[in-house]
$ cat structure25.cif   # mmCIF, C-alpha atoms and all ligand atoms
data_query
#
loop_
_atom_site.label_atom_id
_atom_site.label_comp_id
_atom_site.auth_asym_id
_atom_site.auth_seq_id
_atom_site.Cartn_x
_atom_site.Cartn_y
_atom_site.Cartn_z
CA MET L 1 88.31 105.48 15.02
CA ARG L 2 90.96 107.15 12.95
CA LEU L 3 94.66 106.46 13.33
CA LEU L 4 97.59 108.27 11.79
CA HIS L 5 100.61 106.14 10.84
CA THR L 6 103.99 107.79 10.33
CA SER L 7 107.63 106.76 10.81
CA ASP L 8 111.29 107.44 10.05
CA TRP L 9 111.30 111.11 10.96
CA HIS L 10 115.07 110.99 11.52
CA VAL L 11 114.94 114.27 13.44
CA GLY L 12 118.47 115.64 13.77
CA VAL L 13 119.57 114.36 10.36
CA THR L 14 121.84 116.50 8.17
CA LEU L 15 122.26 116.45 4.40
CA GLY L 16 125.56 117.51 2.90
CA GLY L 17 126.35 119.07 6.28
CA LYS L 18 123.10 121.07 6.36
CA ASP L 19 120.96 120.97 9.48
CA ARG L 20 117.32 120.10 8.66
CA LEU L 21 115.51 121.05 11.87
CA ASN L 22 113.57 123.78 10.02
CA GLU L 23 112.22 121.20 7.60
CA HIS L 24 111.19 118.99 10.50
CA ALA L 25 109.46 121.95 12.16
CA VAL L 26 107.49 122.56 8.93
CA PHE L 27 106.58 118.87 8.77
CA ILE L 28 105.39 118.79 12.38
CA GLU L 29 103.25 121.87 11.77
CA GLU L 30 101.66 120.21 8.74
CA LEU L 31 101.22 116.99 10.74
CA ASN L 32 99.40 118.90 13.48
CA SER L 33 96.98 120.29 10.87
CA ILE L 34 96.40 116.86 9.35
CA ILE L 35 95.72 115.39 12.80
CA GLN L 36 93.09 118.09 13.33
CA GLU L 37 91.53 117.96 9.84
CA GLU L 38 91.33 114.17 9.82
CA SER L 39 89.99 113.95 13.41
CA ILE L 40 92.78 111.57 14.37
CA ASP L 41 92.25 109.58 17.58
CA ALA L 42 95.77 108.19 18.00
CA VAL L 43 99.17 108.66 16.36
CA LEU L 44 101.51 105.74 15.58
CA ILE L 45 105.23 106.41 15.01
CA ALA L 46 106.91 103.24 13.74
CA GLY L 47 110.53 103.95 14.66
CA ASP L 48 113.57 106.05 13.72
CA LEU L 49 112.07 109.08 15.37
CA TYR L 50 115.64 110.41 15.66
CA ASP L 51 118.54 110.03 13.28
CA GLN L 52 121.08 109.19 15.98
CA SER L 53 121.01 107.42 19.31
CA ASN L 54 122.20 110.69 20.90
CA PRO L 55 120.10 113.36 19.10
CA PRO L 56 121.05 117.04 19.21
CA PRO L 57 119.05 119.15 21.73
CA GLY L 58 117.15 120.99 18.97
CA ALA L 59 115.86 117.65 17.73
CA GLU L 60 114.57 116.64 21.15
CA LYS L 61 112.89 120.00 21.61
CA LEU L 62 110.94 119.62 18.35
CA VAL L 63 109.80 116.13 19.28
CA PHE L 64 108.87 117.03 22.86
CA ASP L 65 106.98 120.12 21.66
CA PHE L 66 104.98 117.80 19.40
CA PHE L 67 104.29 115.47 22.34
CA ARG L 68 103.16 118.48 24.36
CA VAL L 69 100.65 119.51 21.67
CA MET L 70 99.34 115.93 21.50
CA ALA L 71 99.01 115.78 25.29
CA GLU L 72 97.11 119.07 25.36
CA ARG L 73 94.78 117.84 22.64
CA LYS L 74 94.44 114.50 24.45
CA ILE L 75 95.58 112.50 21.44
CA PRO L 76 97.57 109.44 22.50
CA VAL L 77 100.82 108.62 20.69
CA VAL L 78 102.40 105.17 20.44
CA LEU L 79 106.01 104.98 19.31
CA ILE L 80 108.74 102.39 18.97
CA ALA L 81 112.51 102.62 18.62
CA GLY L 82 114.04 102.04 15.20
CA ASN L 83 117.62 101.03 14.48
CA HIS L 84 118.70 104.68 14.52
CA ASP L 85 117.14 105.38 17.92
CA SER L 86 118.58 104.42 21.26
CA GLY L 87 116.20 101.77 22.62
CA PRO L 88 117.40 102.14 26.24
CA ARG L 89 117.12 105.93 26.01
CA ILE L 90 113.51 105.64 24.83
CA GLU L 91 112.77 103.06 27.55
CA GLY L 92 114.25 105.47 30.09
CA ARG L 93 111.76 108.18 29.20
CA ALA L 94 108.79 105.88 28.66
CA ARG L 95 107.40 105.77 32.18
CA LEU L 96 107.32 109.55 32.44
CA LEU L 97 105.86 109.99 28.94
CA GLN L 98 103.15 107.46 29.78
CA LEU L 99 101.66 109.98 32.22
CA VAL L 100 100.62 112.12 29.24
CA GLU L 101 99.53 109.17 27.05
CA ILE L 102 102.73 108.99 25.03
CA HIS L 103 103.43 105.25 24.97
CA ALA L 104 107.01 104.51 24.00
CA PHE L 105 108.64 101.11 23.50
CA GLY L 106 112.41 100.97 23.18
CA GLU L 107 113.25 97.28 23.44
CA PRO L 108 111.59 94.14 22.04
CA ARG L 109 109.52 92.59 24.85
CA ARG L 110 106.67 90.13 25.00
CA ASP L 111 104.61 92.59 27.06
CA ALA L 112 105.13 95.51 24.65
CA ALA L 113 101.50 96.44 24.08
CA ILE L 114 99.10 99.16 25.12
CA GLU L 115 95.32 99.32 25.37
CA ILE L 116 93.82 102.76 24.77
CA ILE L 117 90.23 103.98 24.98
CA THR L 118 89.91 106.59 22.25
CA LYS L 119 87.87 109.82 22.20
CA THR L 120 85.28 107.86 20.21
CA ASN L 121 85.02 105.52 23.20
CA GLU L 122 86.41 102.57 21.27
CA LYS L 123 89.16 100.19 22.32
CA LEU L 124 92.51 100.30 20.51
CA VAL L 125 95.25 97.74 21.14
CA VAL L 126 98.70 98.43 19.75
CA ALA L 127 101.26 95.63 20.04
CA ALA L 128 104.76 96.86 19.38
CA LEU L 129 108.01 95.38 18.13
CA PRO L 130 110.86 97.89 18.25
CA PHE L 131 113.84 97.16 16.02
CA ALA L 132 115.26 93.69 16.74
CA GLY L 133 118.48 93.07 14.84
CA GLU L 134 120.18 89.78 14.09
CA SER L 135 122.50 90.18 17.06
CA ARG L 136 119.42 90.06 19.27
CA LEU L 137 117.50 87.29 17.52
CA LEU L 138 120.36 84.91 16.72
CA HIS L 139 122.54 83.26 19.33
CA TRP L 140 126.26 83.89 18.87
CA ASP L 141 127.12 80.26 18.20
CA GLU L 142 124.47 79.94 15.50
CA ALA L 143 126.53 82.25 13.34
CA ALA L 144 129.23 79.61 13.29
CA ALA L 145 127.03 76.53 13.10
CA GLN L 146 124.58 77.60 10.38
CA SER L 147 124.97 78.56 6.76
CA SER L 148 123.96 82.10 5.92
CA LEU L 149 120.74 80.87 4.30
CA ASP L 150 119.86 78.91 7.44
CA GLN L 151 120.63 81.95 9.57
CA LYS L 152 118.25 84.07 7.47
CA GLN L 153 115.58 81.41 7.85
CA THR L 154 116.12 81.20 11.61
CA PHE L 155 115.96 85.00 11.86
CA ALA L 156 112.68 85.15 9.92
CA GLU L 157 111.15 82.36 12.01
CA ARG L 158 112.10 84.04 15.29
CA MET L 159 110.73 87.35 14.04
CA LYS L 160 107.50 85.57 13.11
CA GLY L 161 107.44 83.92 16.54
CA LEU L 162 107.75 87.29 18.28
CA LEU L 163 105.06 88.95 16.16
CA ASP L 164 102.64 86.02 16.49
CA ALA L 165 103.15 85.89 20.26
CA LEU L 166 102.50 89.62 20.58
CA ALA L 167 99.34 89.38 18.48
CA SER L 168 97.88 86.32 20.18
CA THR L 169 98.69 87.58 23.70
CA HIS L 170 97.43 91.14 23.38
CA PHE L 171 94.83 91.46 20.62
CA LYS L 172 91.19 91.55 21.79
CA PRO L 173 88.03 90.66 19.85
CA ASP L 174 86.27 93.90 20.90
CA ALA L 175 89.19 96.16 19.94
CA VAL L 176 90.89 97.62 16.89
CA ASN L 177 94.14 95.64 16.87
CA VAL L 178 97.29 97.10 15.36
CA MET L 179 100.79 95.65 15.14
CA MET L 180 103.57 98.21 14.90
CA ALA L 181 107.12 97.15 13.99
CA HIS L 182 110.43 98.43 12.64
CA LEU L 183 111.77 95.80 10.26
CA THR L 184 112.46 94.90 6.62
CA VAL L 185 109.87 92.89 4.74
CA ASP L 186 111.37 90.83 1.94
CA GLY L 187 110.50 92.30 -1.43
CA ALA L 188 109.45 95.77 -0.23
CA ALA L 189 110.41 98.51 -2.69
CA LEU L 190 113.42 100.57 -1.64
CA SER L 191 113.98 104.21 -2.48
CA GLY L 192 117.31 103.47 -4.08
CA SER L 193 119.24 105.60 -1.65
CA GLU L 194 122.55 104.30 -0.41
CA ARG L 195 121.28 104.53 3.10
CA ASN L 196 118.45 102.20 2.16
CA LEU L 197 120.78 99.92 0.27
CA ARG L 198 122.94 99.53 3.33
CA MET L 199 120.04 98.81 5.62
CA SER L 200 118.23 96.49 3.21
CA ASP L 201 120.39 93.87 4.78
CA THR L 202 119.76 90.19 4.50
CA TRP L 203 117.79 90.16 7.76
CA THR L 204 114.24 90.26 6.51
CA ILE L 205 110.88 88.58 7.00
CA PRO L 206 108.78 87.45 4.02
CA SER L 207 105.44 89.29 3.94
CA GLU L 208 103.57 85.96 4.04
CA MET L 209 105.07 85.32 7.49
CA LEU L 210 103.61 88.50 9.01
CA PRO L 211 100.86 87.88 11.59
CA ALA L 212 97.39 87.13 10.27
CA LEU L 213 95.64 88.38 13.42
CA GLY L 214 94.52 91.98 13.76
CA HIS L 215 93.40 94.89 11.61
CA TYR L 216 96.59 96.54 10.42
CA ILE L 217 100.38 96.28 10.51
CA ALA L 218 102.08 99.70 10.73
CA LEU L 219 105.70 99.40 9.62
CA GLY L 220 108.73 101.63 9.75
CA HIS L 221 112.30 101.35 8.37
CA ILE L 222 111.85 101.71 4.61
CA HIS L 223 111.58 105.32 3.52
CA LYS L 224 109.40 104.83 0.47
CA PRO L 225 105.70 104.75 1.41
CA GLN L 226 103.96 101.61 0.21
CA VAL L 227 101.35 99.00 0.91
CA VAL L 228 103.15 95.68 1.45
CA PRO L 229 101.95 93.08 -1.07
CA ASN L 230 100.99 89.51 -0.03
CA ALA L 231 100.67 90.26 3.68
CA PRO L 232 97.90 88.29 5.48
CA ILE L 233 96.26 91.55 6.69
CA PRO L 234 96.57 95.18 5.49
CA CYS L 235 100.16 96.28 6.04
CA ALA L 236 102.06 99.41 4.98
CA TYR L 237 105.25 101.39 5.33
CA SER L 238 104.36 105.05 5.85
CA GLY L 239 107.85 106.08 4.68
CA SER L 240 109.81 109.08 5.92
CA PRO L 241 108.29 112.59 5.91
CA LEU L 242 111.50 114.15 4.53
CA HIS L 243 113.72 113.04 1.68
CA ILE L 244 116.47 111.82 3.97
CA ASP L 245 118.96 111.68 1.11
CA PHE L 246 119.13 112.25 -2.64
CA GLY L 247 118.31 108.62 -3.43
CA GLU L 248 114.75 109.35 -2.28
CA GLU L 249 114.07 112.16 -4.74
CA LYS L 250 111.36 110.27 -6.63
CA ASP L 251 109.40 109.34 -3.48
CA PHE L 252 106.10 110.99 -2.66
CA LYS L 253 106.18 111.69 1.06
CA GLY L 254 103.13 111.37 3.25
CA VAL L 255 101.34 109.60 6.09
CA TYR L 256 98.65 106.92 6.21
CA VAL L 257 95.24 107.51 7.75
CA VAL L 258 93.61 104.31 8.97
CA THR L 259 89.85 104.25 9.54
CA ALA L 260 89.02 101.25 11.70
CA ALA L 261 86.35 99.66 13.87
CA ALA L 262 86.36 96.44 15.89
CA GLY L 263 85.34 93.43 13.82
CA LYS L 264 85.48 95.30 10.50
CA PRO L 265 88.10 95.65 7.76
CA ILE L 266 90.01 98.91 7.78
CA GLN L 267 90.13 101.66 5.22
CA LEU L 268 93.65 102.89 4.39
CA ASP L 269 94.24 106.33 2.86
CA PHE L 270 97.57 107.87 1.90
CA ARG L 271 97.71 111.54 2.72
CA PRO L 272 100.55 113.29 0.86
CA LEU L 273 102.55 116.00 2.63
CA LYS L 274 102.39 119.31 0.77
CA ASN L 275 105.18 121.29 2.39
CA VAL L 276 108.09 118.91 1.95
CA LEU L 277 111.18 120.43 0.34
CA PRO L 278 112.06 118.50 -2.82
CA VAL L 279 115.56 117.20 -3.47
CA ARG L 280 117.05 116.89 -6.95
CA THR L 281 120.12 115.39 -8.53
CA ILE L 282 121.27 117.42 -11.53
CA ARG L 283 123.62 115.78 -14.02
CA THR L 284 125.37 118.44 -16.01
CA THR L 285 128.61 119.88 -17.42
CA MET L 286 130.39 123.14 -16.62
CA LYS L 287 129.26 124.49 -20.00
CA ASP L 288 125.55 124.02 -19.17
CA LEU L 289 125.80 125.37 -15.63
CA PRO L 290 124.84 129.01 -16.41
CA SER L 291 121.60 128.03 -18.18
CA LEU L 292 120.66 125.77 -15.23
CA SER L 293 121.08 128.70 -12.91
CA LYS L 294 118.16 130.47 -14.66
CA GLU L 295 116.08 127.34 -14.95
CA LEU L 296 116.45 126.48 -11.25
CA HIS L 297 116.22 130.03 -9.96
CA ASP L 298 112.91 129.41 -8.16
CA PHE L 299 113.70 125.87 -6.99
CA THR L 300 113.43 125.92 -3.19
CA GLY L 301 114.70 122.40 -2.45
CA HIS L 302 118.15 120.84 -2.09
CA ILE L 303 120.36 120.07 -5.05
CA LYS L 304 123.08 117.52 -5.63
CA VAL L 305 125.16 118.28 -8.70
CA ALA L 306 126.81 115.40 -10.50
CA ILE L 307 129.21 117.17 -12.81
CA LYS L 308 130.88 115.60 -15.82
CA LEU L 309 134.23 117.29 -16.38
CA ASN L 310 135.60 117.58 -19.90
CA GLU L 311 139.24 117.85 -20.94
CA GLU L 312 139.06 121.64 -21.32
CA ASP L 313 137.44 122.26 -17.89
CA LYS L 314 139.63 123.55 -15.13
CA LYS L 315 139.93 121.04 -12.31
CA VAL L 316 140.23 123.27 -9.26
CA GLY L 317 137.50 125.33 -7.65
CA VAL L 318 134.78 123.31 -9.38
CA ALA L 319 132.61 122.85 -6.28
CA GLU L 320 132.93 126.54 -5.37
CA GLU L 321 131.86 127.61 -8.83
CA ILE L 322 128.86 125.26 -8.75
CA ARG L 323 127.77 126.57 -5.36
CA ARG L 324 128.10 130.15 -6.60
CA THR L 325 125.96 129.40 -9.65
CA LEU L 326 123.42 127.14 -7.91
CA PRO L 327 123.23 128.26 -4.27
CA GLN L 328 120.83 125.41 -3.37
CA THR L 329 123.65 122.92 -3.94
CA LEU L 330 124.37 120.74 -0.90
CA MET L 331 126.54 118.13 -2.58
CA VAL L 332 128.87 118.00 -5.56
CA GLN L 333 129.92 114.77 -7.17
CA VAL L 334 132.46 114.69 -9.96
CA ASP L 335 131.44 112.01 -12.44
CA ALA L 336 133.86 109.79 -14.29
CA PRO L 337 133.10 109.08 -17.99
CA THR L 338 129.76 107.29 -18.53
CA PRO L 339 130.20 103.54 -18.06
CA GLU L 340 129.49 101.30 -21.04
CA PRO L 341 126.47 98.98 -20.82
CA LYS L 342 127.13 96.07 -18.50
CA SER L 343 127.58 92.57 -19.83
CA VAL L 344 125.17 89.99 -18.47
CA VAL L 345 126.76 87.89 -15.78
CA GLN L 346 125.59 84.42 -14.89
CA LEU L 347 124.86 84.40 -11.19
CA THR L 348 124.44 81.58 -8.76
CA ASP L 349 121.44 81.73 -6.46
CA ALA L 350 123.51 82.10 -3.33
CA GLY L 351 125.62 84.89 -4.78
CA GLN L 352 122.86 86.80 -6.49
CA LYS L 353 121.78 89.22 -3.80
CA PRO L 354 125.20 90.47 -2.64
CA LEU L 355 126.27 90.92 -6.25
CA GLU L 356 123.10 92.83 -7.11
CA ALA L 357 123.75 95.10 -4.17
CA TYR L 358 127.40 95.50 -5.17
CA THR L 359 126.45 96.37 -8.77
CA LEU L 360 123.96 98.97 -7.54
CA TYR L 361 126.66 100.38 -5.31
CA LEU L 362 129.08 100.64 -8.23
CA GLU L 363 126.41 102.36 -10.31
CA SER L 364 125.78 104.83 -7.52
CA GLN L 365 129.51 105.64 -7.61
CA SER L 366 129.36 105.96 -11.42
CA ARG L 367 131.76 103.06 -11.71
CA GLN L 368 131.58 100.22 -14.15
CA ALA L 369 131.03 96.65 -12.97
CA THR L 370 133.95 95.27 -15.01
CA PRO L 371 134.28 91.47 -15.37
CA ASP L 372 137.46 91.59 -13.24
CA LEU L 373 135.69 93.39 -10.43
CA VAL L 374 132.62 91.17 -10.65
CA ASN L 375 134.71 87.98 -10.65
CA ALA L 376 136.76 89.12 -7.70
CA PHE L 377 133.59 90.06 -5.82
CA GLN L 378 131.90 86.78 -6.70
CA GLU L 379 134.93 84.81 -5.51
CA LEU L 380 134.97 86.65 -2.19
CA ALA L 381 131.20 86.32 -1.78
CA ASN L 382 131.33 82.57 -2.43
CA GLU L 383 134.20 82.19 -0.01
CA ALA L 384 132.26 84.07 2.66
CA LEU L 385 129.00 82.21 1.98
CA HIS L 386 130.57 78.77 2.04
CA ALA L 387 133.15 79.35 4.73
CA SER L 388 133.39 76.49 7.18
CA PRO L 389 133.01 77.31 10.88
MN MN L 401 115.31 102.36 10.27
#
$ encode --input "structure25.cif" --output "structure tokens" --more "lines below"
Ligand SMILES: [Mn+2]
Amino acid sequence: MRLLHTSDWHVGVTLGGKDRLNEHAVFIEELNSIIQEESIDAVLIAGDLYDQSNPPPGAEKLVFDFFRVMAERKIPVVLIAGNHDSGPRIEGRARLLQLVEIHAFGEPRRDAAIEIITKTNEKLVVAALPFAGESRLLHWDEAAAQSSLDQKQTFAERMKGLLDALASTHFKPDAVNVMMAHLTVDGAALSGSERNLRMSDTWTIPSEMLPALGHYIALGHIHKPQVVPNAPIPCAYSGSPLHIDFGEEKDFKGVYVVTAAAGKPIQLDFRPLKNVLPVRTIRTTMKDLPSLSKELHDFTGHIKVAIKLNEEDKKVGVAEEIRRTLPQTLMVQVDAPTPEPKSVVQLTDAGQKPLEAYTLYLESQSRQATPDLVNAFQELANEALHASP
């Protein structure tokens, strides 16, 4: 059988105030062609179907039109809620959607699994773990009683417990067995977007702790497509079909096609999307703006302009002038003078990750990680990490 793995559509998302429903419509059209060309037997959507828990009506229409096409073509869909979706809202629609073979799971449950007989007359089992945050997996009093490292460990162990239980309860020897989840695997490569930085929280599971049973683990949450290294069985993030923000400009967007049969290893193929609008960050000065206008004349994607103002530049109406010259501009960022190279800071193990994240954040704001700032941050981080209950 052939499965298509996608995730993180974020339908309803805006960029620099611009609605992106047209881009999603183009993606869904391309997806429909891929499903046909690749003779797909079932579609897996690994969470963050919508960008908000209360998506705009246009977003729901696009998604439900897609479901309708799948139902007419008799191609089952399995989907889970991500952290951006409303789990209860998805649960609320699930029983109706099930009538047309759209299997939706909104909340983590031990019985979240579905057995499907495909067009090829093979058995497919999908066990599903919708987004389960730390507030769900950790008891409130553990936050006080455990150190942050212990809490992370407890979180990872509970996540492992849930995944293992799902696999051992639902997977069948005569089926193709797939685990679908919306979570962060430790060490997965991020896109470098701020959005990703914020969500690459400390609540992760090491890839070695993923379940060893089954054929494939279909993940959602991280927007950069990738095969997860060191997982016990083949495991991948399909990534988002659109560049959700400018931090993702270097990502190739696409979907995974999984060819699978019971009792055999799978074949995993990345299928790039051809019709995705590119996004680009342009670093420039007011002086170079006119030449860029010619150079980027045929660029159809979205632009973020990071402008470096010089003494002689006027300071008002900058954004307006940029938008006039480069009409594709969705965002304008005025850059402070280029920071000098950072000095190497000796980090303690416990403080390393927050500080790395903070440094990245400063860089993204074109600010320098000065020793004063770093020391103050480190002091606060240590205080927070070693705070007594
Ligand atoms: Mn997510």
$ residues_around --input "structure25.cif" --residues "segment 173-184 of chain L" --least-positions-apart "2" --cutoff "6 Å" --atoms "only C-alpha atoms" --output "count of residues only"
23
$ residues_near_ligand --input "structure25.cif" --ligand "ligand MN 401 (chain L)" --cutoff "12 Å" --atoms "all atoms listed in the file" --output "PyMOL selection string"
chain L and resi 7-10+45-53+80-86+130-133+181-184+195-201+219-224+237+239-240+244
$ residues_around --input "structure25.cif" --residues "Ile322 of chain L" --least-positions-apart "5" --cutoff "8 Å" --atoms "all atoms listed in the file" --output "list of chain:residue names"
L:Leu289, L:Val305, L:Pro327, L:Thr329, L:Val332
$ residues_around --input "structure25.cif" --residues "Val279 of chain L" --least-positions-apart "6" --cutoff "12 Å" --atoms "all atoms listed in the file" --output "ChimeraX atom specification"
/L:15-16,242-253,299-305,328-331
$ write_last_selection --input "structure25.cif" --atoms "C-alpha atoms" --output "short mmCIF file (atom, residue, chain, number, x, y, z; two decimals), keeping the file's coordinate frame"
data_model
loop_
_atom_site.label_atom_id
_atom_site.label_comp_id
_atom_site.auth_asym_id
_atom_site.auth_seq_id
_atom_site.Cartn_x
_atom_site.Cartn_y
_atom_site.Cartn_z
CA LEU L 15 122.26 116.45 4.40
CA GLY L 16 125.56 117.51 2.90
CA LEU L 242 111.50 114.15 4.53
CA HIS L 243 113.72 113.04 1.68
CA ILE L 244 116.47 111.82 3.97
CA ASP L 245 118.96 111.68 1.11
CA PHE L 246 119.13 112.25 -2.64
CA GLY L 247 118.31 108.62 -3.43
CA GLU L 248 114.75 109.35 -2.28
CA GLU L 249 114.07 112.16 -4.74
CA LYS L 250 111.36 110.27 -6.63
CA ASP L 251 109.40 109.34 -3.48
CA PHE L 252 106.10 110.99 -2.66
CA LYS L 253 106.18 111.69 1.06
CA PHE L 299 113.70 125.87 -6.99
CA THR L 300 113.43 125.92 -3.19
CA GLY L 301 114.70 122.40 -2.45
CA HIS L 302 118.15 120.84 -2.09
CA ILE L 303 120.36 120.07 -5.05
CA LYS L 304 123.08 117.52 -5.63
CA VAL L 305 125.16 118.28 -8.70
CA GLN L 328 120.83 125.41 -3.37
CA THR L 329 123.65 122.92 -3.94
CA LEU L 330 124.37 120.74 -0.90
CA MET L 331 126.54 118.13 -2.58
#
$ closest_residue --input "structure25.cif" --among "L:His297, L:Glu115, L:Ala188, L:Thr6" --to "Phe27 of chain L" --atoms "only C-alpha atoms"
L:Thr6
$ atom_distance --input "structure25.cif" --atom1 "atom CA of Leu273 of chain L" --atom2 "atom CA of Ile233 of chain L"
25.6 Å
$ axis_aligned_box --input "structure25.cif" --around "segment 161-169 of chain L" --padding-each-side "4 Å" --output "JSON"
{"center_x": 102.8, "center_y": 86.8, "center_z": 19.9, "size_x": 17.9, "size_y": 13.7, "size_z": 15.5}
$ atom_distance --input "structure25.cif" --atom1 "atom CA of Ser238 of chain L" --atom2 "atom CA of Phe67 of chain L"
19.5 Å
$ closest_residue --input "structure25.cif" --among "L:Leu137, L:Val43, L:Ala112, L:Ala387" --to "Ile75 of chain L" --atoms "all atoms listed in the file"
L:Val43
$ closest_residue --input "structure25.cif" --among "L:Pro88, L:Pro272, L:Pro290, L:Pro278" --to "Glu23 of chain L" --atoms "all atoms listed in the file"
L:Pro278
$ atom_distance --input "structure25.cif" --atom1 "atom CA of Thr120 of chain L" --atom2 "atom CA of Arg2 of chain L"
9.2 Å
$ build_atoms --input "structure25.cif" --residues "segment 109-120 of chain L" --atoms "N, CA, C and O atoms" --output "compact mmCIF listing (two decimals), in the frame of the given file"
# COMPACT_ATOMS: atom_id res chain seq x y z
N ARG L 109 109.97 93.27 23.62
CA ARG L 109 109.52 92.59 24.85
C ARG L 109 108.19 91.91 24.56
O ARG L 109 107.41 92.43 23.77
N ARG L 110 107.94 90.82 25.24
CA ARG L 110 106.67 90.13 25.00
C ARG L 110 105.48 90.91 25.54
O ARG L 110 104.35 90.70 25.12
N ASP L 111 105.73 91.81 26.50
CA ASP L 111 104.61 92.59 27.06
C ASP L 111 104.51 93.99 26.43
O ASP L 111 103.88 94.87 26.99
N ALA L 112 105.15 94.18 25.28
CA ALA L 112 105.13 95.51 24.65
C ALA L 112 103.81 95.72 23.91
O ALA L 112 103.69 95.46 22.72
N ALA L 113 102.80 96.17 24.68
CA ALA L 113 101.50 96.44 24.08
C ALA L 113 100.77 97.45 24.95
O ALA L 113 101.07 97.56 26.14
N ILE L 114 99.84 98.17 24.35
CA ILE L 114 99.10 99.16 25.12
C ILE L 114 97.65 99.14 24.67
O ILE L 114 97.35 98.96 23.50
N GLU L 115 96.75 99.27 25.67
CA GLU L 115 95.32 99.32 25.37
C GLU L 115 94.87 100.76 25.64
O GLU L 115 95.13 101.30 26.71
N ILE L 116 94.23 101.35 24.67
CA ILE L 116 93.82 102.76 24.77
C ILE L 116 92.32 102.86 24.50
O ILE L 116 91.80 102.20 23.59
N ILE L 117 91.62 103.66 25.31
CA ILE L 117 90.23 103.98 24.98
C ILE L 117 90.25 105.34 24.28
O ILE L 117 90.71 106.33 24.84
N THR L 118 89.79 105.37 23.05
CA THR L 118 89.91 106.59 22.25
C THR L 118 88.79 107.58 22.58
O THR L 118 87.83 107.24 23.29
N LYS L 119 88.91 108.79 22.02
CA LYS L 119 87.87 109.82 22.20
C LYS L 119 86.51 109.32 21.74
O LYS L 119 85.48 109.73 22.23
N THR L 120 86.53 108.40 20.75
CA THR L 120 85.28 107.86 20.21
C THR L 120 84.71 106.76 21.11
O THR L 120 83.74 106.10 20.75
